[in-house]
Amino acid sequence: MGELTGICGALAEPEQALLERIQRGMAITADLSRADLLLVCPRNMDEVVAVAQAQPHSIASIYETSLVNKTLTRVDAPVILSAWHRRRHVRTQRDLIPTGTPIMQDVYPIHGSDGEVIALFSIETSLIQLERHQQRHTSFRRAIEWLQGMCMRGELADAAELSPFGEWDGIVLVDAQRRITYLNGIANNLYRKLGYMDDMRGKRLSSLGTRDDEMVVAALKARRPLEHQVEENQHIWIRKVLPVWPPATMPGRLQQLFSGQTRSGDIGGALILVHDDTEEQRKQQELDVKVTMIQEVHHRVKNNLQTIAALLRMQARRAESEATQHELQEAIARILSVAVIHEFLSLKETQSINIRDVGQRIVSQVRQIVTPGKQISLSVDGPAIHLASQQATACALVVNELIQNAMEHGFETQDQGHIRLTLIDGGDSVRLEVSDNGESLPADFSLDKPTSLGLQIVRTLVEGDLRGRVWLENRDGEVVATVEFERQTAPEHTTNT
């Protein structure tokens with residue numbers, strides 16, 4: 001919602017807490033009302049500012065963008081300002097600006113403990129949805145009115161813990177005696193999957209062989225929403241129970257709606273929201289299996305690469321030529337830099353890799369092969385940067401080659417110094433810098449004509465795989481190799497529902 005004290009003025013703690021409770025109940029209220037909700041605070045006689053907004057999951061929102069923190073004027077919010085000036089509920093049909101969508105707008109003042117209006121609550125319904133709503137059973141329409149009132153009084157804060165309501169979720173309404181008074185067509189079809197073919201209206205929940213009645217009893221007793229997942233008839237059901245009640249000041253004739261026994265402020269009934277999660281969970285289980293298999297493949301590839309590196313180490317120890325040993329050590333470093341990527345992919349349920357962690361691992365590997373007698377420190381600076389696995393693999397090879405190049409050419413005649421890998425996150429772009437305080441680049445150095453295989457590999461990877469650019473320069477007493485490229489979107493696979 002943002003800082004209410006700053007947006008809504010110097011609110012006392014009770015008023016701020018009230019608006020926060022209202023905001024927490026807005027999502028489920030918007031879903032069941034099939035309407036957009038706005039909570040606004042007056043700024044002056046001609047302006048209000050939106051502090052919270054709820055757009056329904058069950059239908060398309062009438063708004064294309066968020067209004068939160070936006071200032072609304074007489075042009076944008078004439079009905080809201082009218083309710084603010086009159087200090088009472090205002091209901092008006094109007095065309096939404098700038099789309100021209102015809103809506104019915106209900107605006108209610110929210111009063112603080114001293115009776116002053118501290119905010120306004122706007123319920124905005126398209127005329128199409130309003131027409132459909134008016135065709136529903138009277139008991140359901142009244143329950144939605146009660147629900148909206150509960151939200152405005154801050155009595156639905158616990159509903160923020162419920163999972164979102166979906167377009168294909170069923171709705172069942174029961175009265176205080178747990179008799180079914182209304183269910184929509186989707187709920188009717190969902191219960192048919194459990195074998196209930198007859199008209200369920202008027203039946204008690206206890207007559208059904210489900211856990212609905214048990215859940216409703218618990219929710220009514222606690223006067224708070226509940227959510228459970230159960231498996232029935234080879235289907236996985238997610239049920240949410242939302243108790244509803246009229247305001248304590250509701251006229252007695254309206255309190256007879258459900259059972260005829262409702263006293264002022266008593267529970268009026270409960271909304272049961274039913275979702276068949278079977279297909280989604282089975283798809284998730286299949287995805288989990290695929291992710292596990294992919295992780296196992298990466299684990300085996302990592303092991304195979306490490307085995308190859310071990311074989312090359314054995315070969316290097318047997319080589320008589322120092323040049324051969326050097327070439328084999330470089331090959332080992334390249335193989336291990338790729339193995340690092342597969343190790344990360346084998347441990348995580350995502351195809352994105354934190355290149356900072358990769359850099360740390362490569363630096364640790366390089367520390368193990370620093371020439372004896374040389375005191376060269378290696379470090380990694382910068383934020384965590386997540387890249388797609390393909391880009392991360394190229395980066396790992398590039399970082400390895402640049403560090404190896406600094407070790408070989410920067411400290412050929414020096415025995416001490418430092419090499420630093422710096423990561424810079426530019427949002428849509430990424431920059432890597434490998435700097436060292438070793439020997440400077442010669443005056444005639446040109447990357448267009450690289451003198452080492454390592455720099456040839458770097459240039460090929462940066463320009464080909466990363467589609468970026470690379471350059472080396474003497475800067476402030478150091479040699480700095482810079483790589484810059486655009487970040488690719490990383491496809492992610494996760495087991496979270």
# chains A, B, ... in the order shown; residues from 1 in each chain; ligands from 1

$ residues_around --residues "Asn437 (chain A)" --least-positions-apart "4" --cutoff "7 Å" --atoms "only C-alpha atoms" --output "mmCIF file with C-alpha atoms, in the first residue's frame"
data_model
loop_
_atom_site.group_PDB
_atom_site.id
_atom_site.type_symbol
_atom_site.label_atom_id
_atom_site.label_comp_id
_atom_site.auth_asym_id
_atom_site.auth_seq_id
_atom_site.Cartn_x
_atom_site.Cartn_y
_atom_site.Cartn_z
ATOM 1 C CA GLY A 417 49.910 -8.093 -6.708
ATOM 2 C CA HIS A 418 46.162 -8.531 -7.019
ATOM 3 C CA GLY A 477 47.981 2.008 -12.983
ATOM 4 C CA GLU A 478 46.102 -1.202 -13.742
ATOM 5 C CA VAL A 479 45.293 -3.330 -16.754
#

$ select_by_dssp --residues "region 92-228 of chain A" --states "strand (DSSP E or B)" --output "number ranges by chain"
A: 92-95, 102-111, 117-126, 170-175, 179-183, 204, 226-228

$ select_by_dssp --residues "region 136-222 of chain A" --states "helix (DSSP H, G or I)" --output "mmCIF file with C-alpha atoms, in the first residue's frame"
data_model
loop_
_atom_site.group_PDB
_atom_site.id
_atom_site.type_symbol
_atom_site.label_atom_id
_atom_site.label_comp_id
_atom_site.auth_asym_id
_atom_site.auth_seq_id
_atom_site.Cartn_x
_atom_site.Cartn_y
_atom_site.Cartn_z
ATOM 1 C CA THR A 138 -30.999 -12.760 -3.871
ATOM 2 C CA SER A 139 -29.138 -14.557 -1.102
ATOM 3 C CA PHE A 140 -25.871 -14.425 -3.039
ATOM 4 C CA ARG A 141 -26.262 -10.753 -3.922
ATOM 5 C CA ARG A 142 -26.904 -9.949 -0.259
ATOM 6 C CA ALA A 143 -23.875 -12.019 0.799
ATOM 7 C CA ILE A 144 -21.675 -10.020 -1.571
ATOM 8 C CA GLU A 145 -23.021 -6.787 -0.064
ATOM 9 C CA TRP A 146 -22.137 -8.115 3.375
ATOM 10 C CA LEU A 147 -18.705 -9.115 2.127
ATOM 11 C CA GLN A 148 -18.065 -5.629 0.756
ATOM 12 C CA GLY A 149 -19.190 -4.114 4.056
ATOM 13 C CA MET A 150 -16.873 -6.436 5.976
ATOM 14 C CA CYS A 151 -13.989 -5.340 3.785
ATOM 15 C CA MET A 152 -14.738 -1.662 4.384
ATOM 16 C CA ALA A 157 -7.795 -8.884 6.847
ATOM 17 C CA ASP A 158 -7.294 -12.636 7.400
ATOM 18 C CA ALA A 159 -8.555 -13.290 3.860
ATOM 19 C CA ALA A 160 -5.193 -12.056 2.532
ATOM 20 C CA GLU A 161 -3.799 -15.462 3.523
ATOM 21 C CA GLY A 185 -22.818 -23.397 -12.519
ATOM 22 C CA ILE A 186 -19.110 -24.073 -12.108
ATOM 23 C CA ALA A 187 -19.632 -25.370 -8.554
ATOM 24 C CA ASN A 188 -22.496 -27.546 -9.768
ATOM 25 C CA ASN A 189 -20.231 -29.144 -12.395
ATOM 26 C CA LEU A 190 -17.389 -29.638 -9.896
ATOM 27 C CA TYR A 191 -19.645 -31.449 -7.426
ATOM 28 C CA ARG A 192 -20.912 -33.662 -10.216
ATOM 29 C CA LEU A 205 -23.719 -29.769 3.959
ATOM 30 C CA SER A 206 -23.690 -32.609 6.469
ATOM 31 C CA SER A 207 -25.633 -34.735 3.952
ATOM 32 C CA ASP A 212 -17.176 -29.122 3.488
ATOM 33 C CA ASP A 213 -19.364 -29.233 6.593
ATOM 34 C CA GLU A 214 -16.390 -29.802 8.899
ATOM 35 C CA MET A 215 -14.566 -26.835 7.363
ATOM 36 C CA VAL A 216 -17.574 -24.536 7.555
ATOM 37 C CA VAL A 217 -18.188 -25.395 11.233
ATOM 38 C CA ALA A 218 -14.552 -24.572 12.028
ATOM 39 C CA ALA A 219 -14.649 -21.322 10.045
ATOM 40 C CA LEU A 220 -17.944 -20.157 11.581
ATOM 41 C CA LYS A 221 -16.703 -20.959 15.066
ATOM 42 C CA ALA A 222 -13.445 -19.068 14.534
#

$ residues_around --residues "Leu328 (chain A)" --least-positions-apart "6" --cutoff "10 Å" --atoms "only C-alpha atoms" --output "list of chain:residue names"
A:Ala309, A:Leu312, A:Arg313, A:Met314, A:Gln315, A:Ala316, A:Arg317, A:Ala319, A:Glu322, A:Arg334

$ write_last_selection --atoms "C-alpha atoms" --output "tab-separated table (two decimals), in the first residue's frame"
chain	number	residue	atom	x	y	z
A	309	ALA	CA	40.25	-32.81	-15.75
A	312	LEU	CA	44.59	-34.34	-17.86
A	313	ARG	CA	46.29	-33.59	-14.52
A	314	MET	CA	47.81	-37.07	-14.61
A	315	GLN	CA	48.96	-36.43	-18.17
A	316	ALA	CA	50.42	-33.05	-17.18
A	317	ARG	CA	52.45	-34.60	-14.36
A	319	ALA	CA	54.73	-34.47	-19.47
A	322	GLU	CA	57.02	-27.30	-19.45
A	334	ARG	CA	38.72	-24.34	-19.07

$ closest_residue --among "A:Ala310, A:Ala396, A:Leu273, A:Val49" --to "Leu32 (chain A)" --atoms "only C-alpha atoms"
A:Leu273

$ closest_residue --among "A:Leu287, A:Cys395, A:Ala83, A:Leu96" --to "Asn354 (chain A)" --atoms "only C-alpha atoms"
A:Cys395

$ residues_around --residues "Glu124 (chain A)" --least-positions-apart "2" --cutoff "6 Å" --atoms "only C-alpha atoms" --output "list in words"
Ala35, Asp36, Met104 and Gln105 of chain A

$ atom_distance --atom1 "CA of Val380 (chain A)" --atom2 "CA of Arg420 (chain A)"
5.8 Å

$ atom_distance --atom1 "CA of Ser163 (chain A)" --atom2 "CA of Gln281 (chain A)"
14.8 Å

$ residues_around --residues "region 7-23 of chain A" --least-positions-apart "2" --cutoff "12 Å" --atoms "only C-alpha atoms" --output "CSV table (one decimal) with C-alpha atoms, in the first residue's frame"
chain,number,residue,atom,x,y,z
A,1,MET,CA,0.0,0.0,0.0
A,2,GLY,CA,2.9,2.3,0.6
A,3,GLU,CA,3.5,4.7,3.6
A,4,LEU,CA,-0.1,5.6,4.6
A,5,THR,CA,1.1,8.3,6.9
A,25,GLY,CA,-9.4,-7.8,2.4
A,26,MET,CA,-9.6,-6.1,-1.0
A,27,ALA,CA,-8.3,-8.9,-3.2
A,28,ILE,CA,-10.9,-11.6,-2.3
A,29,THR,CA,-13.7,-8.9,-2.3
A,30,ALA,CA,-12.8,-7.8,-5.8
A,37,LEU,CA,-11.8,-1.8,-6.0
A,38,LEU,CA,-10.0,1.4,-5.1
A,39,LEU,CA,-9.0,2.8,-1.7
A,40,VAL,CA,-8.2,6.5,-1.9
A,41,CYS,CA,-7.3,9.3,0.5
A,42,PRO,CA,-8.3,12.9,0.1
A,43,ARG,CA,-5.5,15.3,-0.7
A,44,ASN,CA,-7.5,18.4,-0.9
A,47,GLU,CA,-7.7,15.8,-5.5
A,48,VAL,CA,-7.5,12.3,-4.0
A,49,VAL,CA,-4.6,9.8,-4.2
A,50,ALA,CA,-5.0,6.1,-4.7
A,51,VAL,CA,-3.3,4.1,-1.9
A,52,ALA,CA,-4.6,0.6,-2.8
A,53,GLN,CA,-6.2,-1.2,-5.7
A,54,ALA,CA,-7.6,-4.7,-6.2
A,68,VAL,CA,-1.7,3.1,-6.8
A,69,ASN,CA,0.1,6.3,-5.7
A,70,LYS,CA,-1.5,8.3,-8.6
A,71,THR,CA,-3.3,11.6,-7.9
A,109,PRO,CA,-16.6,7.1,3.0
A,110,ILE,CA,-14.3,5.4,5.5
A,111,HIS,CA,-14.6,7.1,8.9
A,112,GLY,CA,-11.9,7.3,11.6
A,113,SER,CA,-12.4,7.0,15.3
A,114,ASP,CA,-13.4,10.6,15.6
A,115,GLY,CA,-16.0,10.3,12.9
A,116,GLU,CA,-14.0,12.2,10.2
A,117,VAL,CA,-13.6,10.8,6.7
A,118,ILE,CA,-10.1,9.4,6.4
A,119,ALA,CA,-10.5,7.6,3.1
A,120,LEU,CA,-13.0,6.5,0.4
A,121,PHE,CA,-13.7,3.0,-0.9
A,147,LEU,CA,-18.7,-9.1,2.1
A,148,GLN,CA,-18.1,-5.6,0.8
A,149,GLY,CA,-19.2,-4.1,4.1
A,150,MET,CA,-16.9,-6.4,6.0
A,151,CYS,CA,-14.0,-5.3,3.8
A,152,MET,CA,-14.7,-1.7,4.4
A,153,ARG,CA,-14.9,-2.3,8.1
A,154,GLY,CA,-11.5,-4.0,8.1
A,155,GLU,CA,-13.0,-7.4,9.0
A,156,LEU,CA,-11.5,-9.4,6.1
A,157,ALA,CA,-7.8,-8.9,6.8
A,158,ASP,CA,-7.3,-12.6,7.4
A,159,ALA,CA,-8.6,-13.3,3.9
A,160,ALA,CA,-5.2,-12.1,2.5

$ atom_distance --atom1 "CA of Thr422 (chain A)" --atom2 "CA of Gly382 (chain A)"
5.6 Å

$ closest_residue --among "A:His386, A:Arg34, A:Ala443, A:His342" --to "Glu131 (chain A)" --atoms "only C-alpha atoms"
A:Arg34

$ residues_around --residues "Asp448 (chain A)" --least-positions-apart "3" --cutoff "10 Å" --atoms "only C-alpha atoms" --output "PyMOL selection string"
chain A and resi 445+451+455-456+459+471

$ write_last_selection --atoms "N, CA and C atoms" --output "PDB file, in the first residue's frame"
ATOM      1  N   PHE A 445      49.640  -2.777 -28.214  1.00  0.00           N
ATOM      2  CA  PHE A 445      48.685  -3.875 -28.016  1.00  0.00           C
ATOM      3  C   PHE A 445      47.383  -3.614 -28.776  1.00  0.00           C
ATOM      4  N   THR A 451      47.547 -12.043 -29.143  1.00  0.00           N
ATOM      5  CA  THR A 451      48.791 -12.821 -29.182  1.00  0.00           C
ATOM      6  C   THR A 451      48.669 -14.143 -28.449  1.00  0.00           C
ATOM      7  N   LEU A 455      43.009 -14.999 -25.271  1.00  0.00           N
ATOM      8  CA  LEU A 455      42.312 -13.801 -25.724  1.00  0.00           C
ATOM      9  C   LEU A 455      41.508 -14.064 -26.994  1.00  0.00           C
ATOM     10  N   GLN A 456      41.980 -14.983 -27.830  1.00  0.00           N
ATOM     11  CA  GLN A 456      41.191 -15.366 -29.002  1.00  0.00           C
ATOM     12  C   GLN A 456      39.875 -16.010 -28.569  1.00  0.00           C
ATOM     13  N   ARG A 459      37.524 -13.247 -27.169  1.00  0.00           N
ATOM     14  CA  ARG A 459      36.894 -12.443 -28.221  1.00  0.00           C
ATOM     15  C   ARG A 459      35.807 -13.233 -28.938  1.00  0.00           C
ATOM     16  N   TRP A 471      37.185  -5.131 -24.457  1.00  0.00           N
ATOM     17  CA  TRP A 471      38.367  -4.311 -24.710  1.00  0.00           C
ATOM     18  C   TRP A 471      39.285  -4.343 -23.495  1.00  0.00           C
TER      19      TRP A 471
END
